[in-house]
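Structure file structure.txt (compact mmCIF, N, CA and C atoms and all ligand atoms) is printed below.
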# COMPACT_ATOMS: atom_id res chain seq x y z
N MET A 988 -18.27 -15.12 41.60
CA MET A 988 -17.06 -14.38 41.19
C MET A 988 -16.08 -14.27 42.35
N SER A 989 -14.84 -14.49 42.13
CA SER A 989 -13.86 -14.37 43.21
C SER A 989 -13.61 -12.91 43.51
N ARG A 990 -13.01 -12.65 44.68
CA ARG A 990 -12.81 -11.24 45.03
C ARG A 990 -11.67 -10.61 44.21
N PHE A 991 -10.94 -11.43 43.44
CA PHE A 991 -9.87 -10.86 42.61
C PHE A 991 -10.37 -10.39 41.24
N ALA A 992 -11.58 -10.85 40.94
CA ALA A 992 -12.06 -10.59 39.58
C ALA A 992 -12.03 -9.12 39.15
N PRO A 993 -12.52 -8.18 39.99
CA PRO A 993 -12.52 -6.79 39.53
C PRO A 993 -11.11 -6.31 39.16
N THR A 994 -10.13 -6.68 39.97
CA THR A 994 -8.76 -6.25 39.67
C THR A 994 -8.29 -6.86 38.35
N THR A 995 -8.58 -8.15 38.19
CA THR A 995 -8.19 -8.82 36.96
C THR A 995 -8.82 -8.14 35.76
N LEU A 996 -10.12 -7.85 35.90
CA LEU A 996 -10.82 -7.19 34.79
C LEU A 996 -10.20 -5.84 34.48
N LEU A 997 -9.83 -5.10 35.54
CA LEU A 997 -9.21 -3.79 35.32
C LEU A 997 -7.90 -3.92 34.56
N CYS A 998 -7.13 -4.94 34.95
CA CYS A 998 -5.84 -5.16 34.26
C CYS A 998 -6.08 -5.47 32.79
N LEU A 999 -7.06 -6.32 32.52
CA LEU A 999 -7.37 -6.67 31.12
C LEU A 999 -7.81 -5.45 30.34
N ALA A 1000 -8.64 -4.61 31.01
CA ALA A 1000 -9.14 -3.41 30.35
C ALA A 1000 -7.96 -2.49 30.00
N ALA A 1001 -6.97 -2.46 30.87
CA ALA A 1001 -5.82 -1.61 30.61
C ALA A 1001 -5.02 -2.11 29.41
N LEU A 1002 -5.06 -3.44 29.21
CA LEU A 1002 -4.30 -4.02 28.09
C LEU A 1002 -5.00 -3.87 26.74
N LEU A 1003 -6.33 -3.74 26.81
CA LEU A 1003 -7.11 -3.78 25.57
C LEU A 1003 -6.63 -2.85 24.45
N PRO A 1004 -6.32 -1.58 24.76
CA PRO A 1004 -5.92 -0.70 23.65
C PRO A 1004 -4.70 -1.21 22.89
N ALA A 1005 -3.86 -2.00 23.56
CA ALA A 1005 -2.63 -2.48 22.90
C ALA A 1005 -2.91 -3.67 21.99
N LEU A 1006 -4.03 -4.35 22.17
CA LEU A 1006 -4.25 -5.60 21.44
C LEU A 1006 -4.32 -5.45 19.92
N PRO A 1007 -5.08 -4.47 19.40
CA PRO A 1007 -5.13 -4.39 17.93
C PRO A 1007 -3.74 -4.21 17.33
N ALA A 1008 -2.90 -3.39 17.97
CA ALA A 1008 -1.56 -3.14 17.45
C ALA A 1008 -0.75 -4.44 17.44
N LEU A 1009 -0.87 -5.20 18.54
CA LEU A 1009 -0.15 -6.47 18.61
C LEU A 1009 -0.61 -7.42 17.52
N ALA A 1010 -1.93 -7.53 17.38
CA ALA A 1010 -2.49 -8.44 16.38
C ALA A 1010 -2.04 -8.02 14.99
N GLU A 1011 -2.03 -6.70 14.75
CA GLU A 1011 -1.65 -6.21 13.43
C GLU A 1011 -0.20 -6.57 13.12
N THR A 1012 0.67 -6.37 14.09
CA THR A 1012 2.09 -6.67 13.87
C THR A 1012 2.28 -8.14 13.56
N SER A 1013 1.64 -9.01 14.36
CA SER A 1013 1.91 -10.41 14.11
C SER A 1013 1.22 -10.89 12.83
N PHE A 1014 0.06 -10.30 12.49
CA PHE A 1014 -0.58 -10.69 11.22
C PHE A 1014 0.31 -10.27 10.05
N GLU A 1015 0.91 -9.09 10.15
CA GLU A 1015 1.81 -8.64 9.10
C GLU A 1015 2.98 -9.63 8.94
N LYS A 1016 3.49 -10.10 10.09
CA LYS A 1016 4.60 -11.07 10.04
C LYS A 1016 4.18 -12.37 9.36
N VAL A 1017 2.96 -12.80 9.69
CA VAL A 1017 2.44 -14.04 9.08
C VAL A 1017 2.32 -13.86 7.57
N LYS A 1018 1.82 -12.67 7.16
CA LYS A 1018 1.67 -12.40 5.72
C LYS A 1018 3.03 -12.41 5.02
N ILE A 1019 4.01 -11.79 5.66
CA ILE A 1019 5.34 -11.73 5.06
C ILE A 1019 5.92 -13.15 4.91
N SER A 1020 5.74 -13.97 5.95
CA SER A 1020 6.35 -15.30 5.86
C SER A 1020 5.59 -16.18 4.87
N ALA A 1021 4.26 -16.03 4.80
CA ALA A 1021 3.52 -16.76 3.75
C ALA A 1021 3.96 -16.26 2.37
N GLY A 1022 4.14 -14.95 2.26
CA GLY A 1022 4.57 -14.35 0.99
C GLY A 1022 5.94 -14.85 0.56
N ARG A 1023 6.82 -15.03 1.54
CA ARG A 1023 8.17 -15.52 1.21
C ARG A 1023 8.08 -16.94 0.64
N GLN A 1024 7.22 -17.76 1.24
CA GLN A 1024 7.07 -19.13 0.73
C GLN A 1024 6.49 -19.13 -0.67
N LEU A 1025 5.49 -18.26 -0.90
CA LEU A 1025 4.90 -18.19 -2.24
C LEU A 1025 5.93 -17.67 -3.24
N PHE A 1026 6.70 -16.66 -2.82
CA PHE A 1026 7.76 -16.13 -3.68
C PHE A 1026 8.74 -17.25 -4.04
N ASP A 1027 9.12 -18.06 -3.03
CA ASP A 1027 10.05 -19.16 -3.29
C ASP A 1027 9.48 -20.14 -4.31
N GLY A 1028 8.17 -20.38 -4.22
CA GLY A 1028 7.55 -21.32 -5.14
C GLY A 1028 7.30 -20.75 -6.53
N GLU A 1029 6.92 -19.46 -6.59
CA GLU A 1029 6.42 -18.90 -7.85
C GLU A 1029 7.40 -17.96 -8.56
N CYS A 1030 8.31 -17.37 -7.86
CA CYS A 1030 9.12 -16.29 -8.45
C CYS A 1030 10.63 -16.51 -8.34
N HIS A 1031 11.06 -17.19 -7.27
CA HIS A 1031 12.48 -17.22 -6.94
C HIS A 1031 13.35 -17.85 -8.02
N ARG A 1032 12.81 -18.82 -8.76
CA ARG A 1032 13.66 -19.47 -9.76
C ARG A 1032 14.10 -18.48 -10.84
N CYS A 1033 13.39 -17.38 -10.99
CA CYS A 1033 13.79 -16.37 -11.98
C CYS A 1033 14.18 -15.03 -11.36
N HIS A 1034 13.88 -14.82 -10.08
CA HIS A 1034 14.14 -13.52 -9.46
C HIS A 1034 14.86 -13.68 -8.13
N SER A 1035 15.96 -12.93 -7.95
CA SER A 1035 16.61 -12.89 -6.64
C SER A 1035 15.95 -11.79 -5.80
N PRO A 1036 15.82 -12.01 -4.49
CA PRO A 1036 15.33 -10.94 -3.62
C PRO A 1036 16.47 -10.01 -3.21
N ASP A 1037 17.63 -10.20 -3.79
CA ASP A 1037 18.82 -9.47 -3.39
C ASP A 1037 19.31 -8.64 -4.59
N ALA A 1038 19.36 -7.31 -4.43
CA ALA A 1038 19.66 -6.40 -5.54
C ALA A 1038 20.97 -6.72 -6.26
N ASP A 1039 21.92 -7.34 -5.56
CA ASP A 1039 23.23 -7.59 -6.17
C ASP A 1039 23.28 -8.88 -6.98
N ARG A 1040 22.22 -9.67 -6.93
CA ARG A 1040 22.25 -10.98 -7.59
C ARG A 1040 21.42 -10.97 -8.86
N GLN A 1041 22.06 -11.20 -10.00
CA GLN A 1041 21.31 -11.32 -11.24
C GLN A 1041 20.78 -12.75 -11.36
N SER A 1042 19.68 -12.88 -12.07
CA SER A 1042 19.11 -14.19 -12.30
C SER A 1042 18.55 -14.15 -13.72
N TYR A 1043 17.67 -15.07 -14.06
CA TYR A 1043 17.05 -15.01 -15.39
C TYR A 1043 16.19 -13.74 -15.51
N GLY A 1044 15.56 -13.35 -14.42
CA GLY A 1044 14.79 -12.10 -14.36
C GLY A 1044 15.54 -11.09 -13.50
N PRO A 1045 15.09 -9.81 -13.48
CA PRO A 1045 15.76 -8.80 -12.66
C PRO A 1045 15.54 -9.03 -11.16
N PRO A 1046 16.48 -8.57 -10.31
CA PRO A 1046 16.29 -8.72 -8.86
C PRO A 1046 15.09 -7.90 -8.39
N LEU A 1047 14.40 -8.40 -7.37
CA LEU A 1047 13.18 -7.70 -6.92
C LEU A 1047 13.34 -6.97 -5.58
N GLU A 1048 14.56 -6.89 -5.06
CA GLU A 1048 14.75 -6.05 -3.87
C GLU A 1048 14.40 -4.61 -4.27
N ASN A 1049 13.70 -3.89 -3.40
CA ASN A 1049 13.31 -2.49 -3.65
C ASN A 1049 12.39 -2.32 -4.86
N VAL A 1050 11.65 -3.35 -5.22
CA VAL A 1050 10.81 -3.21 -6.43
C VAL A 1050 9.62 -2.26 -6.19
N ILE A 1051 9.13 -2.20 -4.94
CA ILE A 1051 7.97 -1.33 -4.67
C ILE A 1051 8.39 0.13 -4.84
N GLY A 1052 7.70 0.83 -5.72
CA GLY A 1052 8.00 2.24 -5.96
C GLY A 1052 9.06 2.48 -7.02
N ARG A 1053 9.62 1.38 -7.56
CA ARG A 1053 10.68 1.53 -8.58
C ARG A 1053 10.04 1.75 -9.95
N VAL A 1054 10.76 2.50 -10.82
CA VAL A 1054 10.30 2.63 -12.20
C VAL A 1054 10.64 1.32 -12.90
N ALA A 1055 9.68 0.77 -13.64
CA ALA A 1055 9.88 -0.53 -14.30
C ALA A 1055 11.07 -0.47 -15.25
N GLY A 1056 11.79 -1.58 -15.33
CA GLY A 1056 12.87 -1.70 -16.29
C GLY A 1056 14.12 -0.91 -15.93
N THR A 1057 14.37 -0.66 -14.65
CA THR A 1057 15.53 0.17 -14.29
C THR A 1057 16.52 -0.51 -13.34
N SER A 1058 16.44 -1.82 -13.16
CA SER A 1058 17.45 -2.47 -12.31
C SER A 1058 18.75 -2.50 -13.13
N PRO A 1059 19.85 -1.90 -12.59
CA PRO A 1059 21.08 -1.74 -13.37
C PRO A 1059 21.63 -3.08 -13.86
N GLY A 1060 22.04 -3.10 -15.13
CA GLY A 1060 22.72 -4.29 -15.66
C GLY A 1060 21.80 -5.39 -16.15
N TYR A 1061 20.48 -5.20 -16.08
CA TYR A 1061 19.59 -6.25 -16.55
C TYR A 1061 19.08 -5.91 -17.97
N ALA A 1062 19.10 -6.92 -18.88
CA ALA A 1062 18.67 -6.69 -20.27
C ALA A 1062 17.16 -6.89 -20.39
N TYR A 1063 16.42 -5.82 -20.19
CA TYR A 1063 14.95 -5.87 -20.25
C TYR A 1063 14.46 -5.95 -21.69
N SER A 1064 13.22 -6.41 -21.85
CA SER A 1064 12.54 -6.30 -23.15
C SER A 1064 12.31 -4.82 -23.41
N LYS A 1065 12.14 -4.47 -24.69
CA LYS A 1065 11.86 -3.06 -25.03
C LYS A 1065 10.57 -2.61 -24.37
N ALA A 1066 9.60 -3.52 -24.34
CA ALA A 1066 8.28 -3.18 -23.80
C ALA A 1066 8.40 -2.72 -22.34
N LEU A 1067 9.14 -3.47 -21.55
CA LEU A 1067 9.23 -3.14 -20.13
C LEU A 1067 10.13 -1.92 -19.92
N ALA A 1068 11.28 -1.90 -20.62
CA ALA A 1068 12.23 -0.81 -20.43
C ALA A 1068 11.62 0.54 -20.80
N GLY A 1069 10.75 0.56 -21.82
CA GLY A 1069 10.20 1.83 -22.27
C GLY A 1069 8.85 2.17 -21.66
N SER A 1070 8.38 1.37 -20.73
CA SER A 1070 6.99 1.53 -20.28
C SER A 1070 6.79 2.75 -19.37
N GLY A 1071 7.81 3.10 -18.60
CA GLY A 1071 7.70 4.26 -17.70
C GLY A 1071 6.76 4.04 -16.53
N ILE A 1072 6.22 2.85 -16.36
CA ILE A 1072 5.30 2.65 -15.23
C ILE A 1072 6.08 2.49 -13.92
N VAL A 1073 5.41 2.78 -12.81
CA VAL A 1073 6.02 2.63 -11.50
C VAL A 1073 5.38 1.41 -10.84
N TRP A 1074 6.21 0.60 -10.17
CA TRP A 1074 5.70 -0.61 -9.52
C TRP A 1074 5.00 -0.30 -8.21
N THR A 1075 3.77 0.16 -8.31
CA THR A 1075 2.91 0.34 -7.13
C THR A 1075 2.29 -1.02 -6.82
N PRO A 1076 1.72 -1.18 -5.61
CA PRO A 1076 1.04 -2.45 -5.33
C PRO A 1076 -0.04 -2.77 -6.38
N ALA A 1077 -0.77 -1.76 -6.86
CA ALA A 1077 -1.83 -2.02 -7.85
C ALA A 1077 -1.22 -2.52 -9.16
N ALA A 1078 -0.12 -1.91 -9.59
CA ALA A 1078 0.52 -2.35 -10.84
C ALA A 1078 1.06 -3.78 -10.67
N LEU A 1079 1.61 -4.07 -9.49
CA LEU A 1079 2.14 -5.42 -9.26
C LEU A 1079 1.03 -6.47 -9.24
N ARG A 1080 -0.14 -6.09 -8.71
CA ARG A 1080 -1.28 -7.02 -8.74
C ARG A 1080 -1.65 -7.35 -10.19
N ALA A 1081 -1.76 -6.30 -11.01
CA ALA A 1081 -2.14 -6.49 -12.42
C ALA A 1081 -1.09 -7.35 -13.13
N TRP A 1082 0.16 -7.13 -12.78
CA TRP A 1082 1.28 -7.88 -13.38
C TRP A 1082 1.22 -9.35 -13.00
N MET A 1083 0.99 -9.61 -11.69
CA MET A 1083 0.93 -11.00 -11.24
C MET A 1083 -0.26 -11.72 -11.87
N GLU A 1084 -1.33 -10.97 -12.05
CA GLU A 1084 -2.56 -11.57 -12.56
C GLU A 1084 -2.40 -11.95 -14.03
N ASP A 1085 -1.84 -11.04 -14.82
CA ASP A 1085 -1.73 -11.29 -16.26
C ASP A 1085 -0.66 -10.36 -16.83
N ASN A 1086 0.62 -10.74 -16.63
CA ASN A 1086 1.69 -9.81 -17.00
C ASN A 1086 1.71 -9.48 -18.49
N ALA A 1087 1.44 -10.49 -19.35
CA ALA A 1087 1.48 -10.22 -20.79
C ALA A 1087 0.31 -9.35 -21.22
N GLY A 1088 -0.83 -9.48 -20.55
CA GLY A 1088 -1.98 -8.62 -20.86
C GLY A 1088 -1.72 -7.20 -20.36
N PHE A 1089 -1.08 -7.08 -19.20
CA PHE A 1089 -0.78 -5.79 -18.61
C PHE A 1089 0.27 -5.07 -19.45
N MET A 1090 1.24 -5.82 -19.96
CA MET A 1090 2.29 -5.21 -20.77
C MET A 1090 2.68 -6.11 -21.94
N PRO A 1091 1.95 -5.95 -23.06
CA PRO A 1091 2.25 -6.80 -24.21
C PRO A 1091 3.71 -6.62 -24.62
N GLY A 1092 4.38 -7.73 -24.96
CA GLY A 1092 5.78 -7.65 -25.40
C GLY A 1092 6.77 -7.96 -24.29
N THR A 1093 6.28 -8.15 -23.05
CA THR A 1093 7.23 -8.51 -21.97
C THR A 1093 7.75 -9.92 -22.21
N LYS A 1094 8.97 -10.16 -21.74
CA LYS A 1094 9.51 -11.52 -21.92
C LYS A 1094 9.31 -12.38 -20.68
N MET A 1095 8.61 -11.85 -19.66
CA MET A 1095 8.34 -12.71 -18.50
C MET A 1095 7.20 -13.67 -18.84
N ARG A 1096 7.45 -14.92 -18.55
CA ARG A 1096 6.44 -15.95 -18.78
C ARG A 1096 5.20 -15.64 -17.93
N HIS A 1097 4.03 -16.04 -18.44
CA HIS A 1097 2.78 -15.79 -17.73
C HIS A 1097 2.78 -16.50 -16.37
N VAL A 1098 2.49 -15.76 -15.29
CA VAL A 1098 2.37 -16.44 -14.00
C VAL A 1098 0.91 -16.64 -13.56
N GLY A 1099 0.02 -15.71 -13.89
CA GLY A 1099 -1.41 -15.90 -13.67
C GLY A 1099 -1.85 -16.11 -12.24
N ILE A 1100 -1.42 -15.21 -11.32
CA ILE A 1100 -1.87 -15.33 -9.93
C ILE A 1100 -3.07 -14.41 -9.73
N GLU A 1101 -4.26 -15.01 -9.73
CA GLU A 1101 -5.49 -14.21 -9.67
C GLU A 1101 -6.04 -14.06 -8.26
N ASP A 1102 -5.67 -14.96 -7.36
CA ASP A 1102 -6.20 -14.95 -6.01
C ASP A 1102 -5.66 -13.73 -5.25
N ARG A 1103 -6.59 -12.85 -4.81
CA ARG A 1103 -6.17 -11.60 -4.16
C ARG A 1103 -5.40 -11.84 -2.87
N THR A 1104 -5.74 -12.90 -2.17
CA THR A 1104 -5.03 -13.17 -0.91
C THR A 1104 -3.60 -13.59 -1.20
N VAL A 1105 -3.43 -14.41 -2.22
CA VAL A 1105 -2.07 -14.81 -2.61
C VAL A 1105 -1.29 -13.57 -3.05
N GLN A 1106 -1.95 -12.70 -3.82
CA GLN A 1106 -1.29 -11.44 -4.22
C GLN A 1106 -0.91 -10.62 -2.99
N ASP A 1107 -1.83 -10.55 -2.01
CA ASP A 1107 -1.56 -9.80 -0.77
C ASP A 1107 -0.30 -10.30 -0.09
N PHE A 1108 -0.18 -11.63 0.01
CA PHE A 1108 0.97 -12.22 0.70
C PHE A 1108 2.26 -11.89 -0.05
N ILE A 1109 2.22 -12.07 -1.36
CA ILE A 1109 3.44 -11.79 -2.15
C ILE A 1109 3.79 -10.30 -2.04
N LEU A 1110 2.76 -9.45 -2.07
CA LEU A 1110 3.01 -8.01 -1.92
C LEU A 1110 3.61 -7.68 -0.55
N ALA A 1111 3.11 -8.36 0.50
CA ALA A 1111 3.65 -8.12 1.85
C ALA A 1111 5.14 -8.47 1.86
N TYR A 1112 5.47 -9.58 1.21
CA TYR A 1112 6.89 -9.98 1.17
C TYR A 1112 7.71 -8.97 0.35
N LEU A 1113 7.19 -8.59 -0.84
CA LEU A 1113 7.95 -7.64 -1.68
C LEU A 1113 8.13 -6.31 -0.95
N THR A 1114 7.11 -5.91 -0.15
CA THR A 1114 7.23 -4.68 0.63
C THR A 1114 8.32 -4.83 1.68
N SER A 1115 8.41 -6.04 2.26
CA SER A 1115 9.40 -6.25 3.32
C SER A 1115 10.83 -6.23 2.78
N ILE A 1116 11.00 -6.44 1.47
CA ILE A 1116 12.37 -6.37 0.91
C ILE A 1116 12.58 -5.07 0.12
N SER A 1117 11.66 -4.10 0.32
CA SER A 1117 11.82 -2.77 -0.29
C SER A 1117 12.08 -1.79 0.85
N HIS A 1118 13.16 -1.02 0.75
CA HIS A 1118 13.51 -0.16 1.88
C HIS A 1118 13.38 1.31 1.52
C1 LIG B 1201 10.07 -18.10 -15.67
C2 LIG B 1201 10.75 -16.95 -15.10
C3 LIG B 1201 9.96 -15.96 -14.28
C4 LIG B 1201 9.09 -16.20 -13.24
C5 LIG B 1201 8.64 -17.56 -12.70
C6 LIG B 1201 8.69 -14.92 -12.74
N1 LIG B 1201 9.30 -13.92 -13.44
FE1 LIG B 1201 9.09 -11.92 -13.13
N2 LIG B 1201 10.30 -11.54 -14.74
C7 LIG B 1201 10.92 -12.50 -15.52
C8 LIG B 1201 11.63 -11.86 -16.61
C9 LIG B 1201 12.42 -12.55 -17.70
C10 LIG B 1201 11.42 -10.46 -16.44
C11 LIG B 1201 11.89 -9.34 -17.37
C12 LIG B 1201 10.71 -9.07 -18.31
C13 LIG B 1201 11.00 -8.11 -19.45
O1 LIG B 1201 12.11 -7.56 -19.57
O2 LIG B 1201 10.05 -7.91 -20.25
C14 LIG B 1201 10.58 -10.30 -15.25
C15 LIG B 1201 10.19 -9.07 -14.74
C16 LIG B 1201 9.49 -8.89 -13.56
C17 LIG B 1201 9.18 -7.62 -12.95
C18 LIG B 1201 9.61 -6.25 -13.45
C19 LIG B 1201 10.81 -5.80 -12.62
C20 LIG B 1201 11.47 -4.51 -13.06
O3 LIG B 1201 12.65 -4.31 -12.69
O4 LIG B 1201 10.84 -3.69 -13.75
C21 LIG B 1201 8.46 -7.88 -11.82
C22 LIG B 1201 7.90 -6.86 -10.84
C23 LIG B 1201 8.32 -9.31 -11.73
N3 LIG B 1201 8.95 -9.91 -12.80
C24 LIG B 1201 7.65 -9.96 -10.70
C25 LIG B 1201 7.50 -11.34 -10.61
C26 LIG B 1201 6.82 -11.99 -9.54
C27 LIG B 1201 6.20 -11.28 -8.34
C28 LIG B 1201 6.85 -13.34 -9.81
C29 LIG B 1201 6.22 -14.45 -9.02
C30 LIG B 1201 4.83 -14.32 -8.72
C31 LIG B 1201 7.58 -13.51 -11.06
N4 LIG B 1201 7.95 -12.28 -11.51
C32 LIG B 1201 7.83 -14.73 -11.66
C33 LIG B 1201 10.89 -13.85 -15.32
C34 LIG B 1201 10.09 -14.51 -14.40

Hey, can you dump this file as structure tokens for me?
Ligand code: HEC
Amino acid sequence: MSRFAPTTLLCLAALLPALPALAETSFEKVKISAGRQLFDGECHRCHSPDADRQSYGPPLENVIGRVAGTSPGYAYSKALAGSGIVWTPAALRAWMEDNAGFMPGTKMRHVGIEDRTVQDFILAYLTSISH
């Protein structure tokens, strides 16, 4: 061992408490960027991530915590508009997995995303565009 080793080890030990926080931040960023790509592939053709932009489906900016069927100016199905449910992460998972089963009468085409990791990524992205 070189005579610098103890000092080096001490420096590393001092850094250790910061590592989990760093790893968490960058993992969250990775999830958000993977989620954005999945959103682009699976959702974007019908949903804008920007509250001011209408599309075939309602905009999804601020969707986390929103009451379903309340984006202003969008013509929802009766089923969705009258459902009264709140878009929690759990409700969004159920929706992505089987939207028509979760809410019979919705006019959103079936997307069928059952993979929990894929759901996690999309949720991370939807959370990043909810303020
Ligand atoms: C083929 C078009 C299409 C695709 C693809 C699509 N959606 Fe939708 N989505 C819709 C339509 C249309 C509605 C309105 C449904 C209604 O009124 O019953 C909707 C409604 C929603 C709502 C309810 C929003 C609100 O304001 O209550 C959420 C959440 C949602 N979609 C999420 C997603 C996600 C996440 C994806 C991708 C994984 C996705 N959708 C893919 C067409 C689509």

Just want the 6.5 Å neighbourhood of region 1084-1093 of chain A, counted on only N, CA and C atoms, with same-chain residues fewer than 4 positions away dropped. Output as a PDB file with N, CA and C atoms, in the frame of the given file.
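Writing the result to result-v6.pdb gives the following:
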ATOM      1  N   SER A1064      13.220  -6.410 -21.850  1.00  0.00           N
ATOM      2  CA  SER A1064      12.540  -6.300 -23.150  1.00  0.00           C
ATOM      3  C   SER A1064      12.310  -4.820 -23.410  1.00  0.00           C
ATOM      4  N   LYS A1065      12.140  -4.470 -24.690  1.00  0.00           N
ATOM      5  CA  LYS A1065      11.860  -3.060 -25.030  1.00  0.00           C
ATOM      6  C   LYS A1065      10.570  -2.610 -24.370  1.00  0.00           C
ATOM      7  N   ALA A1066       9.600  -3.520 -24.340  1.00  0.00           N
ATOM      8  CA  ALA A1066       8.280  -3.180 -23.800  1.00  0.00           C
ATOM      9  C   ALA A1066       8.400  -2.720 -22.340  1.00  0.00           C
ATOM     10  N   LEU A1067       9.140  -3.470 -21.550  1.00  0.00           N
ATOM     11  CA  LEU A1067       9.230  -3.140 -20.130  1.00  0.00           C
ATOM     12  C   LEU A1067      10.130  -1.920 -19.920  1.00  0.00           C
ATOM     13  N   LEU A1079       1.610  -4.070  -9.490  1.00  0.00           N
ATOM     14  CA  LEU A1079       2.140  -5.420  -9.260  1.00  0.00           C
ATOM     15  C   LEU A1079       1.030  -6.470  -9.240  1.00  0.00           C
ATOM     16  N   ARG A1080      -0.140  -6.090  -8.710  1.00  0.00           N
ATOM     17  CA  ARG A1080      -1.280  -7.020  -8.740  1.00  0.00           C
ATOM     18  C   ARG A1080      -1.650  -7.350 -10.190  1.00  0.00           C
ATOM     19  N   HIS A1097       4.030 -16.040 -18.440  1.00  0.00           N
ATOM     20  CA  HIS A1097       2.780 -15.790 -17.730  1.00  0.00           C
ATOM     21  C   HIS A1097       2.780 -16.500 -16.370  1.00  0.00           C
ATOM     22  N   VAL A1098       2.490 -15.760 -15.290  1.00  0.00           N
ATOM     23  CA  VAL A1098       2.370 -16.440 -14.000  1.00  0.00           C
ATOM     24  C   VAL A1098       0.910 -16.640 -13.560  1.00  0.00           C
ATOM     25  N   GLY A1099       0.020 -15.710 -13.890  1.00  0.00           N
ATOM     26  CA  GLY A1099      -1.410 -15.900 -13.670  1.00  0.00           C
ATOM     27  C   GLY A1099      -1.850 -16.110 -12.240  1.00  0.00           C
ATOM     28  N   ILE A1100      -1.420 -15.210 -11.320  1.00  0.00           N
ATOM     29  CA  ILE A1100      -1.870 -15.330  -9.930  1.00  0.00           C
ATOM     30  C   ILE A1100      -3.070 -14.410  -9.730  1.00  0.00           C
ATOM     31  N   GLU A1101      -4.260 -15.010  -9.730  1.00  0.00           N
ATOM     32  CA  GLU A1101      -5.490 -14.210  -9.670  1.00  0.00           C
ATOM     33  C   GLU A1101      -6.040 -14.060  -8.260  1.00  0.00           C
TER      34      GLU A1101
END

**Report entry** Env. residues ligand LIG 1201 (chain B) / 7 Å / only C-alpha atoms and all ligand atoms / as an MDAnalysis selection string
**Finding:** chainID A and resid 1026 1029:1034 1043:1047 1050 1054:1058 1062:1064 1066:1068 1074 1079 1083 1092:1096 1098 1100 1109

Requested in this report: Please report, as a PyMOL selection string, each residue of chain A to which DSSP assigns alpha helix (DSSP H) when run on this structure's backbone.
Outcome: chain A and resi 992-1002+1006-1029+1065-1068+1076-1089+1103-1115

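What separates atom N of Ile1072 (chain A) from atom C of Asn1049 (chain A) is a distance of 14.0 Å.
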
Query - Interatomic distance, atom N of Ala992 (chain A) to atom C of Ala1010 (chain A) (Å, one decimal) - result: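 Computing the Euclidean distance for atom N of Ala992 (chain A) and atom C of Ala1010 (chain A) yields 27.8 Å.
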
Requested in this report: Please indicate the distance in Å from CA of Ile1051 (chain A) to CA of Thr1114 (chain A), rounded to one decimal place.
Outcome: 6.3 Å
